[in-house]
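**Student:** Handing you a structure now.
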Amino acid sequence: MPNPLRRSAAAGIGPLVTASLLCLLSLSLTAPAASAQDTPAHLTPVQRQMEKIDIAFSAAGSLTSSTSGIEQRDHTALGIKASSTVGELFTLRYTARPWVGFEFNFGNARTVQNYTFTAPTPNVLPGGAQTGDRELTLGYVAHPRKIFGLQPFIGAGGGTIRFLPTPNGGEGLPFQYRAAYYYHGGLDYTFPDSHFGVRLGFRQLIYLAPDFQQNYLTITRRVRTSEPTFGFFARF
């Protein structure tokens with residue numbers, strides 16, 4: 001004879017299962033709506049643009065090639081070699097798309113322009129001329145695909161370098177601007193879950209050797225300044 005208690009329990013299982021299934025179905029239908037509510041609001045147009053901007057401060061080595069030529073006053077041979085040093089480089093970038101970006105560079109260094117005349121002239125610029133070098137350039141920058149978590153970049157641009165003789169070591173020479181062109185490349189590494197990272201790069205500037213508007217220093221030859229760089233950057 002069937003047990004009435006077992007029959008009643010079995011009879012109650014059906015509605016319980018049905019209710020559970022309906023509950024799960026209800027939850028599955030409402031889950032997307034709930035997750036959508038938890039998703040942060042879309043960024044404003046201003047925030048989207050700010051996310052494309054980064055600033056970087058780097059130490060930049062300065063290794064300038066030597067050059068020589070015939071100076072215009074006495075038509076004698078003159079060699080020019082700038083001293084090697086380490087300066088600072090500030091870069092502001094705006095990256096619209098991986099292959100479309102722009103940058104502004106401000107560089108600062110102090111060098112000594114060393115001069116070697118054919119005939120030794122101890123009374124002419126003994127020890128060279130000390131100058132403060134200020135770079136202002138604009139350029140194009142592109143970001144190819146990442147490699148092992150590192151973001152490569154390449155670019156080129158142009159602008160000007162101001163050579164400003166120092167009060168004590170500048171030998172009384174006037175300041176001078178030189179048009180400059182550059183190209184560069186490097187790698188960015190962004191720290192996990194962060195807006196900060198490190199930047200390693202190499203750049204080269206090309207410009208006429210400064211003569212400070214003095215005929216006895218004018219040889220009209222170009223030099224190249226190679227700059228290995230290392231620094232840190234931050235994104236908004």
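Letters for chains follow the order of the structure tokens (A, B, ...), residue numbers begin at 1 for each chain, and ligand numbers begin at 1 in the order shown.
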At most 12 Å is the cut-off: for each residue in stretch 192-212 of chain A with any atom that close to an atom of stretch 109-113 of chain A, write down the nearest atom pair and the distance in Å rounded to one decimal, counting only C-alpha atoms, chain first then increasing number, as a Markdown table.
**Tutor:**
```
| residue | atom | partner | partner_atom | distance |
| --- | --- | --- | --- | --- |
| A:Ala209 | CA | A:Gln113 | CA | 9.3 |
| A:Pro210 | CA | A:Gln113 | CA | 8.5 |
| A:Asp211 | CA | A:Gln113 | CA | 9.6 |
| A:Phe212 | CA | A:Gln113 | CA | 10.9 |
```
**Student:** Could you dump the residues just selected with N, CA and C atoms as a CSV table (one decimal), in the first residue's frame?
**Tutor:**
```
chain,number,residue,atom,x,y,z
A,209,ALA,N,76.7,72.8,-37.7
A,209,ALA,CA,77.6,73.1,-36.5
A,209,ALA,C,77.5,74.6,-36.2
A,210,PRO,N,77.2,75.0,-35.0
A,210,PRO,CA,77.1,76.4,-34.6
A,210,PRO,C,78.4,77.2,-34.9
A,211,ASP,N,78.3,78.4,-35.4
A,211,ASP,CA,79.4,79.3,-35.6
A,211,ASP,C,79.3,80.7,-35.0
A,212,PHE,N,78.1,80.9,-34.3
A,212,PHE,CA,77.8,82.1,-33.6
A,212,PHE,C,78.0,83.3,-34.4
```
**Student:** I want to know what sits within 8 Å of A:Tyr177, based on only C-alpha atoms, with residues of the same chain fewer than 3 positions away left out; could you give that as a count of residues only?
**Tutor:** 4
**Student:** Write out as a compact mmCIF listing (two decimals) with N, CA and C atoms, in the first residue's frame which residues come within 9 Å of A:Gly159 when counting only C-alpha atoms, dropping same-chain ones fewer than 3 positions away.
**Tutor:**
```txt
# COMPACT_ATOMS: atom_id res chain seq x y z
N GLU A 135 66.58 72.52 -27.23
CA GLU A 135 65.90 71.97 -28.40
C GLU A 135 64.40 72.17 -28.30
N LEU A 136 63.79 72.64 -29.39
CA LEU A 136 62.34 72.73 -29.52
C LEU A 136 61.97 72.09 -30.87
N THR A 137 61.33 70.94 -30.84
CA THR A 137 60.99 70.24 -32.07
C THR A 137 59.58 69.68 -32.01
N LEU A 138 58.98 69.53 -33.18
CA LEU A 138 57.69 68.88 -33.36
C LEU A 138 57.87 67.72 -34.32
N GLY A 139 57.11 66.64 -34.11
CA GLY A 139 57.31 65.50 -34.99
C GLY A 139 56.11 64.58 -35.07
N ARG A 178 69.80 77.16 -34.75
CA ARG A 178 70.07 76.31 -35.89
C ARG A 178 68.85 75.42 -36.16
N ALA A 179 68.42 75.36 -37.42
CA ALA A 179 67.35 74.42 -37.79
C ALA A 179 67.85 72.99 -37.56
N ALA A 180 66.98 72.14 -37.04
CA ALA A 180 67.38 70.77 -36.71
C ALA A 180 66.30 69.80 -37.17
N TYR A 181 66.74 68.61 -37.56
CA TYR A 181 65.85 67.52 -37.94
C TYR A 181 66.23 66.29 -37.12
N TYR A 182 65.25 65.46 -36.83
CA TYR A 182 65.55 64.29 -36.01
C TYR A 182 64.72 63.09 -36.46
```
**Student:** Output as a Markdown table one row per residue of stretch 110-193 of chain A within 7 Å of stretch 72-81 of chain A: the closest atom pair and its distance in Å to one decimal place, counting only C-alpha atoms, sorted by chain and residue number ascending.
**Tutor:**
```
| residue | atom | partner | partner_atom | distance |
| --- | --- | --- | --- | --- |
| A:Gln113 | CA | A:Lys81 | CA | 6.0 |
| A:Asn114 | CA | A:Lys81 | CA | 5.2 |
| A:Tyr115 | CA | A:Ile80 | CA | 4.8 |
| A:Thr116 | CA | A:Gly79 | CA | 4.9 |
| A:Phe117 | CA | A:Leu78 | CA | 4.6 |
| A:Thr118 | CA | A:Ala77 | CA | 5.3 |
```
**Student:** I need the residues from that last selection saved to file as a tab-separated table (two decimals), in the first residue's frame (with N, CA and C atoms), if you can.
**Tutor:**
```
chain	number	residue	atom	x	y	z
A	113	GLN	N	81.86	73.59	-27.17
A	113	GLN	CA	82.27	73.50	-28.56
A	113	GLN	C	83.78	73.69	-28.63
A	114	ASN	N	84.48	72.61	-28.98
A	114	ASN	CA	85.94	72.64	-29.04
A	114	ASN	C	86.40	72.89	-30.47
A	115	TYR	N	87.36	73.82	-30.64
A	115	TYR	CA	87.83	74.22	-31.97
A	115	TYR	C	89.31	73.90	-32.12
A	116	THR	N	89.66	73.35	-33.28
A	116	THR	CA	91.05	73.04	-33.60
A	116	THR	C	91.41	73.72	-34.92
A	117	PHE	N	92.26	74.73	-34.87
A	117	PHE	CA	92.69	75.44	-36.07
A	117	PHE	C	93.94	74.79	-36.63
A	118	THR	N	94.16	74.97	-37.93
A	118	THR	CA	95.35	74.40	-38.56
A	118	THR	C	96.61	74.92	-37.89
```
**Student:** Excluding stretch 92-100 of chain A and any residue of its chain fewer than 3 positions from it, enumerate the residues within 6 Å of it, using only C-alpha atoms, and give them as a list in words.
**Tutor:**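 Near stretch 92-100 of chain A, the qualifying residues are Lys52, Ile53, Asp54, Ile55, Glu103, Phe104, Ala142 and His143 of chain A.
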**Student:** Using the selection just defined, write its residues with N, CA and C atoms as a tab-separated table (two decimals), in the first residue's frame.
**Tutor:**
```
chain	number	residue	atom	x	y	z
A	52	LYS	N	44.56	59.78	-24.88
A	52	LYS	CA	45.50	59.67	-25.99
A	52	LYS	C	46.77	60.49	-25.76
A	53	ILE	N	46.87	61.14	-24.61
A	53	ILE	CA	48.00	62.03	-24.32
A	53	ILE	C	48.91	61.37	-23.28
A	54	ASP	N	50.23	61.49	-23.48
A	54	ASP	CA	51.17	61.06	-22.45
A	54	ASP	C	52.33	62.05	-22.40
A	55	ILE	N	52.93	62.14	-21.23
A	55	ILE	CA	54.10	63.00	-21.04
A	55	ILE	C	55.24	62.15	-20.52
A	103	GLU	N	54.07	64.69	-31.57
A	103	GLU	CA	54.80	64.92	-30.34
A	103	GLU	C	55.51	66.27	-30.36
A	104	PHE	N	55.71	66.79	-29.16
A	104	PHE	CA	56.50	68.01	-28.95
A	104	PHE	C	57.65	67.65	-28.03
A	142	ALA	N	54.65	57.01	-34.62
A	142	ALA	CA	53.76	55.88	-34.88
A	142	ALA	C	54.08	54.76	-33.91
A	143	HIS	N	53.06	53.93	-33.63
A	143	HIS	CA	53.21	52.82	-32.67
A	143	HIS	C	52.80	51.51	-33.35
```
**Student:** Could you write out, as a ChimeraX atom specification, all the residues of stretch 53-219 of chain A that DSSP marks as strand (DSSP E)?
**Tutor:** /A:53-64,67-70,77-82,85-97,100-117,129-142,151-165,176-190,196-208
**Student:** Please indicate the distance in Å from atom CA of A:Ser83 to atom CA of A:Glu227, rounded to one decimal place.
**Tutor:**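 Those two atoms sit 13.1 Å apart.
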**Student:** What does the structure give for the distance between atom CA of A:Gly107 and atom CA of A:Val86, in Å to one decimal?
**Tutor:**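 About the pair atom CA of A:Gly107 and atom CA of A:Val86: they are 10.7 Å apart.
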**Student:** Could you tell me which of A:Thr131, A:Ser194, A:Ser58, A:Gln49 comes closest to A:Thr229 if we count only C-alpha atoms?
**Tutor:**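 Smallest separation from A:Thr229 among the options: A:Ser58.
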